[in-house]
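Trainee: Structure file input_3.tsv, TSV, C-alpha atoms and all ligand atoms, is pasted below:
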```
chain	number	residue	atom	x	y	z
A	22	MET	CA	-5.37	-44.21	7.89
A	23	GLY	CA	-4.53	-43.02	11.41
A	24	ASN	CA	-3.81	-39.64	12.90
A	25	VAL	CA	-0.52	-37.78	12.40
A	26	ILE	CA	-1.01	-35.62	15.43
A	27	SER	CA	-3.38	-35.48	18.42
A	28	PHE	CA	-3.94	-32.65	20.91
A	29	ARG	CA	-5.06	-33.53	24.43
A	30	ASP	CA	-6.24	-30.58	26.56
A	31	LEU	CA	-3.23	-28.75	25.18
A	32	THR	CA	-2.00	-25.46	26.59
A	33	LEU	CA	0.94	-23.68	24.96
A	34	GLY	CA	2.33	-20.34	26.04
A	35	TYR	CA	5.16	-18.14	27.09
A	36	ASP	CA	6.42	-17.48	30.64
A	37	ARG	CA	3.52	-19.55	32.07
A	38	HIS	CA	0.95	-17.36	30.26
A	39	PRO	CA	-1.19	-19.43	27.89
A	40	ALA	CA	-1.41	-18.43	24.24
A	41	VAL	CA	-3.34	-21.56	23.14
A	42	HIS	CA	-5.65	-23.12	25.69
A	43	HIS	CA	-7.66	-26.34	26.05
A	44	LEU	CA	-7.19	-27.67	22.55
A	45	ASP	CA	-8.42	-31.20	21.88
A	46	GLY	CA	-8.56	-33.02	18.58
A	47	ASP	CA	-6.88	-35.18	15.99
A	48	VAL	CA	-5.37	-34.41	12.62
A	49	PRO	CA	-5.82	-37.42	10.34
A	50	GLU	CA	-3.04	-38.50	7.99
A	51	GLY	CA	-3.49	-36.83	4.61
A	52	ALA	CA	-5.46	-33.84	5.96
A	53	LEU	CA	-5.28	-30.42	4.31
A	54	LEU	CA	-6.04	-28.25	7.33
A	55	ALA	CA	-6.16	-24.46	7.57
A	56	VAL	CA	-5.67	-22.74	10.92
A	57	CYS	CA	-7.50	-19.41	10.97
A	58	GLY	CA	-8.28	-16.75	13.55
A	59	PRO	CA	-7.71	-13.09	14.43
A	60	ASN	CA	-4.25	-11.61	15.11
A	61	GLY	CA	-2.89	-12.97	18.36
A	62	ALA	CA	-5.24	-15.99	18.30
A	63	GLY	CA	-2.37	-18.40	18.93
A	64	LYS	CA	-2.00	-19.79	15.40
A	65	SER	CA	1.80	-19.45	15.13
A	66	THR	CA	2.15	-20.69	18.69
A	67	LEU	CA	0.24	-23.85	17.78
A	68	LEU	CA	2.50	-24.50	14.77
A	69	LYS	CA	5.56	-24.03	16.97
A	70	GLY	CA	4.13	-26.56	19.41
A	71	ILE	CA	3.56	-29.10	16.64
A	72	ALA	CA	7.05	-28.45	15.23
A	73	GLY	CA	8.52	-29.10	18.69
A	74	VAL	CA	9.96	-25.59	19.01
A	75	LEU	CA	7.71	-24.91	22.03
A	76	SER	CA	6.88	-27.41	24.81
A	77	PRO	CA	3.34	-27.59	26.24
A	78	LEU	CA	2.61	-25.80	29.52
A	79	ALA	CA	-0.10	-28.41	30.14
A	80	GLY	CA	-1.76	-31.28	28.31
A	81	HIS	CA	0.11	-32.86	25.45
A	82	ILE	CA	0.67	-33.28	21.76
A	83	ASP	CA	0.88	-36.87	20.61
A	84	GLY	CA	2.97	-36.95	17.46
A	85	HIS	CA	2.62	-40.05	15.36
A	86	VAL	CA	5.32	-39.07	12.88
A	87	PRO	CA	9.03	-38.86	13.74
A	88	ALA	CA	10.47	-35.33	14.01
A	89	ARG	CA	12.58	-35.85	10.87
A	90	GLU	CA	9.35	-36.34	8.90
A	91	ILE	CA	8.05	-32.88	9.86
A	92	ALA	CA	8.86	-29.81	7.75
A	93	TYR	CA	8.18	-26.36	9.22
A	94	LEU	CA	8.09	-23.08	7.33
A	95	PRO	CA	7.97	-20.19	9.82
A	96	GLN	CA	6.53	-16.75	9.05
A	97	ALA	CA	8.66	-14.83	6.53
A	98	ALA	CA	9.60	-12.28	9.21
A	99	GLU	CA	11.29	-15.02	11.25
A	100	VAL	CA	13.58	-16.16	8.42
A	101	ASP	CA	17.05	-14.61	8.63
A	102	ARG	CA	17.68	-13.20	5.15
A	103	SER	CA	21.12	-11.82	6.09
A	104	PHE	CA	22.59	-15.33	6.24
A	105	PRO	CA	25.22	-15.48	3.45
A	106	ILE	CA	23.87	-18.33	1.36
A	107	ASP	CA	22.69	-18.56	-2.24
A	108	VAL	CA	19.46	-20.02	-3.61
A	109	TYR	CA	21.06	-23.32	-4.66
A	110	ASP	CA	22.60	-24.01	-1.26
A	111	LEU	CA	19.46	-23.02	0.66
A	112	VAL	CA	17.36	-25.40	-1.46
A	113	ALA	CA	20.03	-28.13	-1.08
A	114	MET	CA	19.56	-27.90	2.71
A	115	GLY	CA	16.29	-29.74	2.13
A	116	LEU	CA	18.38	-32.87	1.53
A	117	TRP	CA	20.29	-32.68	4.81
A	118	ARG	CA	18.13	-35.20	6.56
A	119	ARG	CA	18.83	-37.70	3.84
A	120	SER	CA	22.47	-36.92	3.01
A	121	GLY	CA	23.65	-35.74	6.47
A	122	LEU	CA	25.42	-32.48	7.17
A	123	PHE	CA	28.72	-33.59	5.69
A	124	GLY	CA	27.38	-36.16	3.28
A	125	GLY	CA	28.37	-35.60	-0.33
A	126	ILE	CA	25.84	-34.46	-2.90
A	127	GLY	CA	25.91	-36.80	-5.88
A	128	ARG	CA	24.56	-36.46	-9.41
A	129	ALA	CA	21.10	-37.73	-8.42
A	130	ASP	CA	20.88	-35.15	-5.63
A	131	ARG	CA	22.02	-32.35	-7.96
A	132	ASP	CA	19.25	-33.39	-10.35
A	133	ARG	CA	16.73	-33.25	-7.49
A	134	ILE	CA	17.90	-29.77	-6.46
A	135	GLU	CA	17.73	-28.47	-10.05
A	136	HIS	CA	14.31	-30.04	-10.46
A	137	ALA	CA	13.00	-28.39	-7.27
A	138	ILE	CA	14.35	-24.99	-8.34
A	139	ALA	CA	12.68	-25.40	-11.73
A	140	ALA	CA	9.41	-26.53	-10.12
A	141	VAL	CA	9.11	-23.18	-8.33
A	142	GLY	CA	10.11	-21.20	-11.44
A	143	LEU	CA	13.52	-20.02	-10.22
A	144	GLU	CA	15.85	-21.27	-12.96
A	145	GLY	CA	18.66	-18.75	-13.39
A	146	PHE	CA	18.50	-17.68	-9.73
A	147	GLU	CA	20.73	-20.49	-8.40
A	148	ALA	CA	23.72	-18.26	-7.56
A	149	ARG	CA	21.71	-15.35	-6.15
A	150	PRO	CA	22.39	-14.58	-2.47
A	151	ILE	CA	19.05	-14.91	-0.64
A	152	GLY	CA	19.41	-11.37	0.76
A	153	THR	CA	18.89	-10.01	-2.77
A	154	LEU	CA	15.64	-11.88	-3.50
A	155	SER	CA	12.19	-10.31	-3.53
A	156	GLY	CA	9.67	-11.60	-0.97
A	157	GLY	CA	7.99	-13.81	-3.56
A	158	GLN	CA	11.30	-15.22	-4.86
A	159	MET	CA	12.38	-15.99	-1.29
A	160	GLN	CA	9.14	-17.82	-0.60
A	161	ARG	CA	9.56	-19.84	-3.82
A	162	THR	CA	13.09	-20.74	-2.66
A	163	LEU	CA	11.75	-21.96	0.69
A	164	PHE	CA	9.07	-24.02	-1.07
A	165	ALA	CA	11.78	-25.62	-3.25
A	166	ARG	CA	13.60	-26.61	-0.06
A	167	LEU	CA	10.34	-28.09	1.28
A	168	LEU	CA	10.00	-30.08	-1.96
A	169	LEU	CA	13.32	-31.79	-1.21
A	170	GLN	CA	12.53	-32.40	2.45
A	171	ASP	CA	10.03	-35.05	1.43
A	172	ALA	CA	8.17	-34.69	4.77
A	173	ARG	CA	5.00	-36.50	5.84
A	174	LEU	CA	3.74	-33.50	7.82
A	175	ILE	CA	4.24	-29.99	6.41
A	176	LEU	CA	3.59	-26.93	8.59
A	177	LEU	CA	3.24	-23.56	6.83
A	178	ASP	CA	2.91	-20.30	8.77
A	179	GLU	CA	1.24	-17.62	6.61
A	180	PRO	CA	3.00	-18.92	3.48
A	181	PHE	CA	1.21	-16.60	1.04
A	182	THR	CA	1.28	-13.28	2.90
A	183	ALA	CA	2.34	-10.33	0.70
A	184	LEU	CA	2.67	-12.45	-2.45
A	185	ASP	CA	1.13	-11.60	-5.81
A	186	ALA	CA	-1.71	-13.66	-7.29
A	187	GLY	CA	0.56	-15.60	-9.68
A	188	THR	CA	2.94	-16.65	-6.92
A	189	VAL	CA	0.04	-17.63	-4.65
A	190	ALA	CA	-1.44	-19.76	-7.46
A	191	ASP	CA	1.91	-21.50	-8.13
A	192	LEU	CA	2.60	-22.22	-4.44
A	193	THR	CA	-1.00	-23.29	-3.76
A	194	ALA	CA	-0.64	-25.80	-6.60
A	195	LEU	CA	2.44	-27.22	-4.83
A	196	VAL	CA	0.50	-27.53	-1.58
A	197	GLU	CA	-2.26	-29.41	-3.40
A	198	ARG	CA	0.34	-31.63	-5.06
A	199	TRP	CA	1.84	-32.51	-1.67
A	200	ASN	CA	-1.58	-33.31	-0.34
A	201	GLY	CA	-2.35	-35.42	-3.42
A	202	GLU	CA	0.78	-37.43	-2.57
A	203	GLY	CA	-0.78	-38.25	0.80
A	204	ARG	CA	1.20	-35.74	2.86
A	205	THR	CA	-0.55	-33.86	5.65
A	206	VAL	CA	-0.44	-30.06	5.36
A	207	ILE	CA	-1.36	-27.65	8.17
A	208	ALA	CA	-1.26	-23.99	7.14
A	209	VAL	CA	-1.92	-20.77	9.04
A	210	LEU	CA	-3.83	-18.49	6.69
A	211	HIS	CA	-5.60	-15.13	6.83
A	212	ASP	CA	-7.12	-15.21	3.34
A	213	LEU	CA	-10.46	-16.87	4.06
A	214	GLU	CA	-11.45	-17.02	0.38
A	215	LEU	CA	-8.31	-18.99	-0.39
A	216	VAL	CA	-9.09	-21.29	2.53
A	217	ARG	CA	-12.65	-21.83	1.29
A	218	VAL	CA	-11.40	-22.82	-2.17
A	219	HIS	CA	-8.35	-24.95	-1.32
A	220	PHE	CA	-8.62	-26.23	2.27
A	221	PRO	CA	-11.39	-28.76	3.05
A	222	GLN	CA	-10.80	-28.62	6.83
A	223	THR	CA	-10.34	-25.61	9.13
A	224	LEU	CA	-9.51	-25.04	12.76
A	225	LEU	CA	-10.77	-21.62	13.88
A	226	LEU	CA	-8.72	-20.52	16.86
A	227	ALA	CA	-9.20	-17.68	19.33
A	228	ARG	CA	-6.73	-18.85	22.01
A	229	MET	CA	-9.24	-21.65	22.48
A	230	PRO	CA	-10.79	-23.59	19.61
A	231	VAL	CA	-13.95	-21.90	18.30
A	232	ALA	CA	-14.75	-24.55	15.70
A	233	TRP	CA	-12.93	-27.36	13.91
A	234	GLY	CA	-14.27	-29.34	10.96
A	235	ALA	CA	-15.43	-28.87	7.37
A	236	THR	CA	-14.37	-25.40	6.23
A	237	ARG	CA	-17.84	-24.34	5.06
A	238	GLU	CA	-19.26	-25.17	8.50
A	239	VAL	CA	-16.42	-23.52	10.41
A	240	LEU	CA	-16.00	-20.22	8.54
A	241	THR	CA	-19.48	-18.86	9.23
A	242	SER	CA	-20.06	-15.24	10.22
A	243	THR	CA	-21.32	-16.42	13.63
A	244	ASN	CA	-18.09	-18.31	14.32
A	245	LEU	CA	-15.87	-15.51	12.97
A	246	ASN	CA	-17.65	-12.94	15.18
A	247	GLU	CA	-17.30	-15.26	18.15
A	248	ALA	CA	-13.56	-15.65	17.46
A	249	ARG	CA	-13.12	-11.87	17.34
A	250	ARG	CA	-15.07	-11.47	20.58
A	251	MET	CA	-13.05	-14.16	22.35
A	252	CYS	CA	-9.72	-12.67	21.29
A	253	GLU	CA	-10.77	-9.19	22.42
A	254	ALA	CA	-11.89	-10.55	25.79
A	255	TRP	CA	-8.70	-12.55	26.36
A	256	ASP	CA	-6.51	-11.49	29.28
A	257	ASP	CA	-2.89	-11.89	28.15
A	258	ARG	CA	-1.64	-11.84	31.75
A	259	ALA	CA	-3.84	-14.70	32.92
A	260	PRO	CA	-1.82	-17.61	34.31
A	261	ALA	CA	-2.17	-21.14	32.99
A	262	CYS	CA	-4.86	-23.02	34.90
A	263	ALA	CA	-4.47	-26.47	36.37
A	264	PRO	CA	-4.91	-29.41	33.98
A	265	GLY	CA	-8.60	-30.13	33.33
A	266	GLU	CA	-9.73	-26.82	34.86
A	267	ALA	CA	-11.78	-24.68	32.44
A	268	ALA	CA	-10.40	-21.14	32.23
B	301	LIG	N1	7.96	-15.28	21.95
B	301	LIG	C1	6.88	-14.84	22.61
B	301	LIG	N2	6.97	-14.41	23.88
B	301	LIG	C2	5.88	-13.95	24.57
B	301	LIG	N3	4.63	-13.90	24.02
B	301	LIG	C3	4.49	-14.33	22.76
B	301	LIG	C4	5.59	-14.81	21.98
B	301	LIG	N4	5.13	-15.15	20.75
B	301	LIG	C5	3.80	-14.88	20.75
B	301	LIG	N5	3.42	-14.41	21.95
B	301	LIG	C6	2.06	-14.03	22.34
B	301	LIG	O1	1.22	-15.15	22.20
B	301	LIG	C7	-0.06	-14.75	21.70
B	301	LIG	C8	-0.37	-15.54	20.44
B	301	LIG	O2	0.55	-15.16	19.46
B	301	LIG	P1	0.66	-15.90	18.05
B	301	LIG	O3	1.85	-15.33	17.33
B	301	LIG	O4	0.63	-17.36	18.26
B	301	LIG	O5	-0.68	-15.43	17.35
B	301	LIG	P2	-1.14	-15.55	15.83
B	301	LIG	O6	-2.54	-16.08	15.85
B	301	LIG	O7	-0.15	-16.31	15.04
B	301	LIG	O8	-1.16	-14.01	15.40
B	301	LIG	P3	-0.94	-13.26	13.98
B	301	LIG	O9	-2.13	-13.54	13.12
B	301	LIG	O10	-0.88	-11.82	14.42
B	301	LIG	O11	0.37	-13.76	13.40
B	301	LIG	C9	0.02	-13.24	21.48
B	301	LIG	O12	-0.55	-12.59	22.61
B	301	LIG	C10	1.50	-12.96	21.41
B	301	LIG	O13	1.82	-11.65	21.87
```
Using the file provided, produce a representation of the structure as structure tokens.
Mentor:
Amino acid sequence: MGNVISFRDLTLGYDRHPAVHHLDGDVPEGALLAVCGPNGAGKSTLLKGIAGVLSPLAGHIDGHVPAREIAYLPQAAEVDRSFPIDVYDLVAMGLWRRSGLFGGIGRADRDRIEHAIAAVGLEGFEARPIGTLSGGQMQRTLFARLLLQDARLILLDEPFTALDAGTVADLTALVERWNGEGRTVIAVLHDLELVRVHFPQTLLLARMPVAWGATREVLTSTNLNEARRMCEAWDDRAPACAPGEAA
């Protein structure tokens, strides 16, 4: 199996100021990769770069899967809950790539939607406006939509933050199911115990990569202290350096 995504001396940032710097590496197809690091380490920025929401300031990201095969779940705070849509229709949006915006939804699609809603334990919530859902119910709804997207590469930004243990267990099981189906999952996570149990590979980021490899070798106290130190020492106003130049 090949790589789904490759980073080549990648710099991502905002207004010419780097937020992720000098990242090199490959994510093999079928990986279950956690991205960890302190607040402000550049984790969300990296996911945005992979999702194509943010263009590199320098270096590049070589994507080996078409954009329509990538599913991206942003942080809960970035999801607009005031949008007037109910659970059923939000989940059904997962089929858009297949059925098209104005394509009809047939019996088979309705079965898929109902199945996805049941798989996340939300039967009976179909007609609920998303603005009335609890945080955990909203996250289950978004996971049901991901189920229908049928993507090869799934990007999750802090998918389990502020969820109770039962919801985390249910959604983690879905992540493992996706991975078992051969899909690649990259998730930004703060719960290092959860990472140690469920994610075989970890990228530890502190604007620059601190370590990337087997989780047990990456999440050591030495590396975690180094990540904290690097983030604290980072100058947010520093400009992007020229390609190949070490900052
Ligand atoms: N839209 C933006 N405009 C300007 N700067 C931004 C923007 N988004 C993020 N940043 C900055 O980029 C840096 C990295 O932020 P990012 O959100 O990627 O970190 P993170 O590792 O995901 O943090 P956290 O764990 O707190 O969510 C931070 O200094 C942040 O202030």
Trainee: Using all atoms listed in the file for the distances, tell me which of A:Glu202, A:Asp257, A:Glu147, A:Glu179 is nearest to A:Tyr93.
Mentor: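 Nearest to A:Tyr93: A:Glu179.
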Trainee: Taking only C-alpha atoms and all ligand atoms into account, list the residues no farther than 8 Å from ligand LIG 301 (chain B), as a VMD selection string.
Mentor: chain A and resid 34 to 36 39 to 41 57 to 67 179 209 211 226 to 228 257
Trainee: Using only C-alpha atoms, find the one residue out of A:Pro49, A:Thr223, A:Leu54, A:Ala259 that sits nearest to A:Asn244.
Mentor: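 Checking each candidate against A:Asn244, we get A:Thr223 as the closest.
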Trainee: Have a look at atom CA of A:Thr153 and atom CA of A:Ala92 and let me know their distance in Å, one decimal.
Mentor: 24.6 Å
Trainee: Could you list, as a PyMOL selection string, every residue within 12 Å of A:Ala97, counting all atoms listed in the file and ignoring same-chain residues fewer than 3 positions away?
Mentor: chain A and resi 65+93-94+100-102+155-164+177-184
Trainee: Calculated over all atoms listed in the file, which of the candidates A:Val108, A:Leu174, A:Val56, A:Leu33 has the smallest distance to A:Leu240?
Mentor: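 Using all atoms listed in the file, A:Leu240 sits closest to A:Val56.
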